[in-house]
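Q: Handing over work_12.cif, mmCIF, C-alpha atoms.
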```cif
data_input
loop_
_atom_site.label_atom_id
_atom_site.label_comp_id
_atom_site.auth_asym_id
_atom_site.auth_seq_id
_atom_site.Cartn_x
_atom_site.Cartn_y
_atom_site.Cartn_z
CA MET O 1 96.55 -42.87 110.53
CA SER O 2 99.52 -41.59 112.44
CA ASP O 3 101.66 -41.67 109.29
CA ALA O 4 99.64 -38.90 107.68
CA GLN O 5 100.21 -36.56 110.63
CA LYS O 6 103.93 -36.54 109.99
CA THR O 7 105.03 -33.71 107.80
CA SER O 8 108.72 -34.53 107.41
CA THR O 9 109.79 -37.01 104.72
CA SER O 10 112.03 -38.63 107.37
CA GLY O 11 109.21 -39.24 109.86
CA GLY O 12 106.91 -42.22 110.27
CA PHE O 13 107.09 -44.61 107.32
CA GLY O 14 109.75 -42.30 105.87
CA ARG O 15 112.07 -43.38 108.66
CA ALA O 16 112.17 -46.93 107.27
CA LEU O 17 112.18 -45.66 103.67
CA VAL O 18 115.30 -43.60 104.37
CA ALA O 19 116.90 -46.77 105.80
CA VAL O 20 116.17 -48.64 102.56
CA TYR O 21 117.58 -45.75 100.52
CA ALA O 22 120.68 -45.68 102.73
CA VAL O 23 121.26 -49.39 102.09
CA PHE O 24 121.05 -48.84 98.34
CA ALA O 25 123.20 -45.73 98.53
CA LEU O 26 125.82 -47.81 100.29
CA ALA O 27 125.44 -50.78 97.92
CA ALA O 28 125.60 -48.73 94.72
CA ALA O 29 128.33 -46.35 95.88
CA ALA O 30 130.52 -49.09 97.36
CA ARG O 31 130.08 -51.27 94.29
CA SER O 32 131.08 -48.45 91.95
CA ILE O 33 134.10 -47.47 94.03
CA TYR O 34 135.23 -51.10 94.07
CA GLN O 35 134.64 -51.47 90.32
CA LEU O 36 136.47 -48.25 89.48
CA VAL O 37 139.42 -49.04 91.74
CA ALA O 38 139.78 -52.74 90.97
CA LYS O 39 138.87 -53.05 87.30
CA ALA O 40 138.05 -49.68 85.75
CA ASP O 41 138.88 -50.61 82.16
CA GLU O 42 136.80 -53.80 81.98
CA ALA O 43 133.37 -52.27 81.54
CA PRO O 44 133.58 -48.46 81.60
CA VAL O 45 129.92 -47.87 80.70
CA ALA O 46 128.60 -50.17 83.41
CA TYR O 47 130.98 -48.73 86.01
CA ALA O 48 130.21 -45.12 85.12
CA LEU O 49 126.55 -46.03 85.46
CA SER O 50 127.17 -47.68 88.84
CA ALA O 51 128.86 -44.47 89.99
CA LEU O 52 125.94 -42.36 88.72
CA ALA O 53 123.42 -44.65 90.43
CA GLY O 54 125.48 -44.42 93.62
CA VAL O 55 125.40 -40.62 93.55
CA VAL O 56 121.64 -40.62 92.84
CA TYR O 57 120.90 -42.90 95.81
CA VAL O 58 123.22 -40.96 98.13
CA VAL O 59 121.57 -37.63 97.22
CA ALA O 60 118.06 -39.13 97.43
CA THR O 61 118.84 -40.55 100.88
CA TYR O 62 120.17 -37.17 102.04
CA ALA O 63 117.14 -35.34 100.59
CA LEU O 64 114.61 -37.70 102.21
CA ALA O 65 116.43 -37.68 105.55
CA THR O 66 116.58 -33.87 105.68
CA ASP O 67 113.08 -33.24 104.26
CA ARG O 68 114.28 -31.56 101.05
CA ARG O 69 111.24 -32.44 98.94
CA ALA O 70 112.16 -30.86 95.62
CA LEU O 71 115.60 -32.48 95.65
CA ALA O 72 114.07 -35.78 96.76
CA ALA O 73 111.46 -35.70 93.97
CA ALA O 74 114.11 -34.82 91.37
CA THR O 75 116.58 -37.53 92.37
CA ILE O 76 113.89 -40.20 92.82
CA GLY O 77 112.42 -39.23 89.43
CA PHE O 78 115.86 -39.63 87.90
CA GLU O 79 116.20 -42.96 89.71
CA LEU O 80 112.88 -44.14 88.21
CA ALA O 81 113.99 -43.09 84.71
CA GLY O 82 117.37 -44.74 85.30
CA VAL O 83 116.05 -48.13 86.36
CA LEU O 84 113.52 -48.17 83.49
CA VAL O 85 115.96 -47.08 80.77
CA VAL O 86 118.87 -49.22 81.96
CA GLY O 87 116.55 -52.17 82.63
CA LEU O 88 115.22 -51.93 79.09
CA LEU O 89 118.70 -51.50 77.58
CA THR O 90 120.08 -54.55 79.40
CA ILE O 91 117.22 -56.62 77.97
CA VAL O 92 117.57 -55.21 74.44
CA ASP O 93 121.37 -55.16 74.23
CA ALA O 94 123.16 -57.18 76.91
CA ASP O 95 126.58 -56.35 75.42
CA LEU O 96 126.20 -52.70 76.38
CA PHE O 97 126.59 -53.57 80.07
CA PRO O 98 128.99 -56.52 80.38
CA ASP O 99 129.11 -56.13 84.15
CA GLN O 100 126.29 -55.74 86.66
CA THR O 101 124.90 -52.45 87.92
CA VAL O 102 122.10 -51.99 90.47
CA TRP O 103 119.73 -51.10 87.61
CA SER O 104 120.62 -54.01 85.30
CA ASP O 105 117.60 -56.18 84.37
CA PHE O 106 115.33 -53.79 86.31
CA GLY O 107 117.25 -54.51 89.52
CA ALA O 108 116.73 -58.29 89.39
CA GLY O 109 120.04 -58.80 91.21
CA TYR O 110 118.61 -56.89 94.15
CA GLY O 111 115.22 -58.61 94.25
CA PHE O 112 113.67 -55.92 91.99
CA VAL O 113 113.74 -53.52 94.94
CA PRO O 114 115.43 -50.86 92.72
CA LEU O 115 112.37 -51.01 90.44
CA VAL O 116 109.80 -50.71 93.24
CA LEU O 117 111.71 -48.18 95.37
CA PRO O 118 111.28 -45.06 93.16
CA PHE O 119 107.49 -45.60 92.95
CA VAL O 120 107.30 -45.88 96.74
CA GLY O 121 109.65 -42.90 97.08
CA LEU O 122 107.62 -40.61 94.82
CA TRP O 123 104.40 -41.71 96.50
CA TRP O 124 105.90 -40.89 99.88
CA VAL O 125 107.26 -37.47 98.90
CA ARG O 126 103.80 -36.60 97.53
CA ARG O 127 101.97 -37.94 100.55
CA ALA O 128 104.26 -36.40 103.16
CA ARG O 129 103.45 -32.96 101.73
CA SER O 130 99.82 -33.00 102.92
CA MET J 131 144.74 -86.40 96.58
CA GLU J 132 147.81 -87.09 98.72
CA HIS J 133 150.78 -84.83 98.27
CA SER J 134 154.18 -85.79 99.59
CA ASP J 135 154.86 -82.12 100.41
CA GLY J 136 151.95 -82.06 102.84
CA ARG J 137 149.63 -79.76 100.87
CA ARG J 138 146.76 -82.16 101.32
CA GLU J 139 147.25 -81.83 105.04
CA ALA J 140 147.10 -78.05 104.84
CA SER J 141 143.94 -77.91 102.76
CA TRP J 142 142.27 -80.38 105.09
CA THR J 143 142.95 -78.05 108.00
CA GLU J 144 141.45 -75.14 106.07
CA GLY J 145 138.41 -77.26 105.32
CA HIS J 146 137.67 -76.92 109.01
CA GLU J 147 137.19 -73.18 108.94
CA LEU J 148 133.46 -73.80 109.22
CA ASN J 149 132.57 -70.94 106.90
CA ASP J 150 129.16 -72.19 105.82
CA PRO J 151 127.86 -72.68 109.39
CA ILE J 152 129.19 -69.23 110.36
CA ALA J 153 127.66 -67.42 107.39
CA TYR J 154 124.34 -69.25 107.68
CA GLY J 155 124.46 -68.83 111.46
CA VAL J 156 124.74 -65.05 111.04
CA LEU J 157 121.95 -65.25 108.47
CA VAL J 158 119.66 -67.10 110.91
CA VAL J 159 120.38 -64.68 113.78
CA ALA J 160 119.85 -61.65 111.53
CA VAL J 161 116.58 -63.04 110.14
CA ALA J 162 115.45 -63.88 113.68
CA VAL J 163 116.07 -60.29 114.82
CA ALA J 164 114.34 -59.07 111.63
CA ALA J 165 111.33 -61.24 112.50
CA PHE J 166 111.33 -59.87 116.05
CA ALA J 167 111.42 -56.33 114.65
CA GLY J 168 108.73 -57.31 112.13
CA TRP J 169 106.58 -58.47 115.01
CA HIS J 170 107.03 -55.01 116.60
CA LEU J 171 106.04 -53.45 113.29
CA TRP J 172 102.96 -55.67 113.06
CA ARG J 173 101.90 -54.91 116.63
CA ASP J 174 102.45 -51.17 116.09
CA LEU J 175 105.30 -51.10 118.61
CA PRO J 176 108.23 -48.67 118.45
CA PHE J 177 111.86 -49.62 119.01
CA SER J 178 111.82 -51.48 122.37
CA ASN J 179 114.48 -52.47 124.89
CA PRO J 180 114.18 -56.21 124.10
CA LEU J 181 114.66 -55.38 120.41
CA PHE J 182 117.68 -53.29 121.32
CA TYR J 183 119.22 -56.23 123.21
CA ALA J 184 118.52 -58.55 120.27
CA VAL J 185 120.40 -56.16 117.98
CA ILE J 186 123.27 -56.06 120.51
CA VAL J 187 123.49 -59.88 120.40
CA LEU J 188 123.78 -59.81 116.61
CA GLU J 189 126.37 -57.02 116.83
CA LEU J 190 128.54 -59.11 119.16
CA VAL J 191 128.29 -62.04 116.72
CA LEU J 192 129.25 -59.76 113.83
CA LEU J 193 132.25 -58.38 115.72
CA ALA J 194 133.44 -61.93 116.38
CA VAL J 195 132.93 -62.80 112.70
CA LEU J 196 134.94 -59.71 111.66
CA VAL J 197 137.86 -60.71 113.88
CA GLY J 198 137.59 -64.36 112.86
CA GLY J 199 137.27 -63.43 109.20
CA VAL J 200 140.41 -61.29 109.23
CA VAL J 201 142.35 -64.04 111.01
CA ALA J 202 141.05 -66.64 108.53
CA LEU J 203 142.02 -64.37 105.65
CA THR J 204 145.62 -64.15 106.82
CA THR J 205 145.95 -67.93 107.22
CA THR J 206 144.00 -69.26 104.23
CA SER J 207 145.57 -70.42 101.00
CA ARG J 208 142.39 -69.49 99.15
CA ASP J 209 142.60 -66.75 96.53
CA VAL J 210 140.10 -64.46 98.24
CA GLU J 211 139.59 -60.82 97.25
CA GLY J 212 140.65 -59.73 100.73
CA GLY J 213 139.73 -56.05 100.55
CA LEU J 214 136.26 -56.81 99.26
CA PHE J 215 135.72 -59.55 101.85
CA VAL J 216 136.81 -57.40 104.81
CA SER J 217 134.77 -54.42 103.54
CA TYR J 218 131.65 -56.64 103.64
CA LEU J 219 132.45 -57.77 107.19
CA VAL J 220 133.06 -54.17 108.30
CA THR J 221 129.82 -53.03 106.65
CA MET J 222 127.92 -55.74 108.54
CA VAL J 223 129.42 -54.50 111.82
CA VAL J 224 128.51 -50.87 111.08
CA ILE J 225 124.87 -51.43 110.01
CA PRO J 226 123.29 -52.44 113.40
CA PRO J 227 124.57 -49.38 115.35
CA ALA J 228 123.53 -47.13 112.47
CA ALA J 229 120.07 -48.71 112.49
CA VAL J 230 119.78 -48.22 116.26
CA LEU J 231 120.78 -44.55 116.01
CA TRP J 232 118.37 -43.90 113.14
CA GLY J 233 115.48 -46.05 114.37
CA ILE J 234 115.46 -45.20 118.07
CA ALA J 235 114.66 -41.54 117.41
CA GLU J 236 111.43 -42.53 115.65
CA LYS J 237 108.62 -42.96 118.15
CA SER J 238 106.26 -44.80 115.79
CA ARG J 239 106.28 -48.43 114.64
CA TRP J 240 108.59 -47.43 111.79
CA GLY J 241 111.51 -47.25 114.20
CA SER J 242 111.12 -51.04 114.27
CA GLY J 243 110.78 -50.94 110.48
CA VAL J 244 114.29 -49.51 110.27
CA VAL J 245 115.56 -52.54 112.19
CA VAL J 246 113.75 -54.91 109.79
CA VAL J 247 115.50 -53.25 106.85
CA ALA J 248 118.89 -53.30 108.57
CA MET J 249 118.70 -56.94 109.69
CA LEU J 250 117.64 -58.18 106.26
CA SER J 251 120.56 -56.21 104.80
CA VAL J 252 122.95 -57.93 107.21
CA ALA J 253 121.47 -61.31 106.19
CA VAL J 254 122.10 -60.60 102.49
CA LEU J 255 125.62 -59.29 103.18
CA SER J 256 126.36 -62.48 105.12
CA LEU J 257 125.48 -64.62 102.10
CA ARG J 258 127.46 -62.37 99.76
CA SER J 259 130.51 -62.45 102.04
CA LEU J 260 130.38 -66.26 101.97
CA GLN J 261 130.21 -66.15 98.16
CA ILE J 262 133.20 -63.80 98.06
CA TRP J 263 135.09 -66.14 100.37
CA LYS J 264 134.31 -69.07 98.09
CA GLY J 265 134.99 -67.05 94.95
CA THR J 266 131.54 -67.77 93.53
CA TYR J 267 130.48 -64.13 93.45
CA VAL J 268 132.01 -61.49 91.18
#
```
Could you quickly redo this structure as structure tokens?
A:
Amino acid sequence: MSDAQKTSTSGGFGRALVAVYAVFALAAAARSIYQLVAKADEAPVAYALSALAGVVYVVATYALATDRRALAAATIGFELAGVLVVGLLTIVDADLFPDQTVWSDFGAGYGFVPLVLPFVGLWWVRRARS
Amino acid sequence: MEHSDGRREASWTEGHELNDPIAYGVLVVAVAVAAFAGWHLWRDLPFSNPLFYAVIVLELVLLAVLVGGVVALTTTSRDVEGGLFVSYLVTMVVIPPAAVLWGIAEKSRWGSGVVVVAMLSVAVLSLRSLQIWKGTYV
């Protein structure tokens, strides 16, 4: 397959993957900026988390686009942990996050793409190495 | 429903802003371009000229919606979160050129894949912008 011949994480399938990451970087970062500017004191935990998620997606997008594998693996790993932990917490204790974040309910508000994306991302970083 | 001060008249006029057809119209065009790009992906085709023109058509629609949206925002009596609404419209205008720049450099089918991702994003943003306009999305 032509995909396997590509060595950069931004080539082949990675080209589309970076686009998906860019969309989520934009969604998470823009949402957190809006939340922090418009209503910072309503749900500080959720908004701080939105900001963190935004930074993680932005850095992951940058790392994948510029073929920085270690950074990509680290941020995507953090993203995976984030969506699992926050997803679990929002199920266990809904009061902890009174407002939505990208990772709430395992990313249900975004069609569960935030849950699937880190698995695809880690698979791709691993595969692009060979 | 009648108001002697003419408010009924005003709200009737605003009922003719045709927001649902516009938002769903953008949605249909974006999904159509996404399907066209998906067909490229399926047939193992890279970013093509016809696909480029299709994206251009959507971009022109989005520019018109941005202008129309800003005008509608200044004339409506709705309590719309204006900054949020306009930021969605601007984002929708920015996405297609960004997708073209990013996708056209890729010589494999995944250049078309970038367009699929971008067009579906525009479709979702169109629905969300309608919800913001109606105040049904927080």
Q: Taking all atoms listed in the file into account, produce a table as a tab-separated table in which each residue of chain O with an atom at most 6 Å from an atom of chain J appears once, together with its shortest atom pair and the distance in Å to one decimal, ordered by chain and rising number.
A:
```
residue	atom	partner	partner_atom	distance
O:Gly12	CA	J:Trp240	CA	5.7
O:Phe13	CA	J:Trp240	CA	5.5
O:Ala16	CA	J:Val244	CA	4.5
O:Ala19	CA	J:Val244	CA	5.9
```
Q: What residues come out when you apply the PyMOL selection byres ((chain O and resi 30-45) around 12) to this file, written as a ChimeraX atom specification?
A: /O:22-29,46-55,57-58,86,90,95-102 /J:211,213-215,217-218,221,268
Q: What's the separation between CA of Leu115 in chain O and CA of Val158 in chain J, in Å to one decimal place?
A: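 Taking CA of Leu115 in chain O as the start and CA of Val158 in chain J as the end point, the length is 27.0 Å.
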Q: To box range 178-187 of chain J, take all atoms listed in the file, fit an axis-aligned box, add 6 Å on each side, and give centre and edge lengths in Å to one decimal, as lines of an AutoDock Vina configuration file.
A:
```
center_x = 117.7
center_y = -55.7
center_z = 121.4
size_x = 23.7
size_y = 20.4
size_z = 18.9
```
Q: As an exercise, work out the distance from CA of Gly168 in chain J to CA of Leu181 in chain J in Å and give it to one decimal place.
A: 10.4 Å
Q: Contacts of Ser256 in chain J at 12 Å or less, counting only C-alpha atoms, minus same-chain residues fewer than 4 places along, as number ranges by chain?
A: J: 149-161, 191-192, 195-196, 199, 215-223, 249-252, 260-263
Q: What separation in Å, quoted to one decimal, exists between CA of Phe78 in chain O and CA of Ala63 in chain O?
A: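 Rounded to one decimal, the two atoms are 13.5 Å apart.
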Q: How would you write, as a VMD selection string, the residues chosen by the PyMOL selection byres ((chain O and resi 114) around 9) on this structure?
A: chain O and resid 24 79 to 80 83 102 to 103 106 to 108 110 to 113 115 to 118
Q: Show me, as a PyMOL selection string, the residues that have an atom within 12 Å of Trp123 in chain O when counting all atoms listed in the file, minus same-chain residues fewer than 2 positions from it.
A: chain O and resi 9+13-14+17+69+72-73+76-77+116-121+125-130
Q: Would you output that residue set with C-alpha atoms, as a short mmCIF file (atom, residue, chain, number, x, y, z; two decimals), in the frame of the given file?
A:
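So selection.cif came out as:
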```
data_model
loop_
_atom_site.label_atom_id
_atom_site.label_comp_id
_atom_site.auth_asym_id
_atom_site.auth_seq_id
_atom_site.Cartn_x
_atom_site.Cartn_y
_atom_site.Cartn_z
CA THR O 9 109.79 -37.01 104.72
CA PHE O 13 107.09 -44.61 107.32
CA GLY O 14 109.75 -42.30 105.87
CA LEU O 17 112.18 -45.66 103.67
CA ARG O 69 111.24 -32.44 98.94
CA ALA O 72 114.07 -35.78 96.76
CA ALA O 73 111.46 -35.70 93.97
CA ILE O 76 113.89 -40.20 92.82
CA GLY O 77 112.42 -39.23 89.43
CA VAL O 116 109.80 -50.71 93.24
CA LEU O 117 111.71 -48.18 95.37
CA PRO O 118 111.28 -45.06 93.16
CA PHE O 119 107.49 -45.60 92.95
CA VAL O 120 107.30 -45.88 96.74
CA GLY O 121 109.65 -42.90 97.08
CA VAL O 125 107.26 -37.47 98.90
CA ARG O 126 103.80 -36.60 97.53
CA ARG O 127 101.97 -37.94 100.55
CA ALA O 128 104.26 -36.40 103.16
CA ARG O 129 103.45 -32.96 101.73
CA SER O 130 99.82 -33.00 102.92
#
```
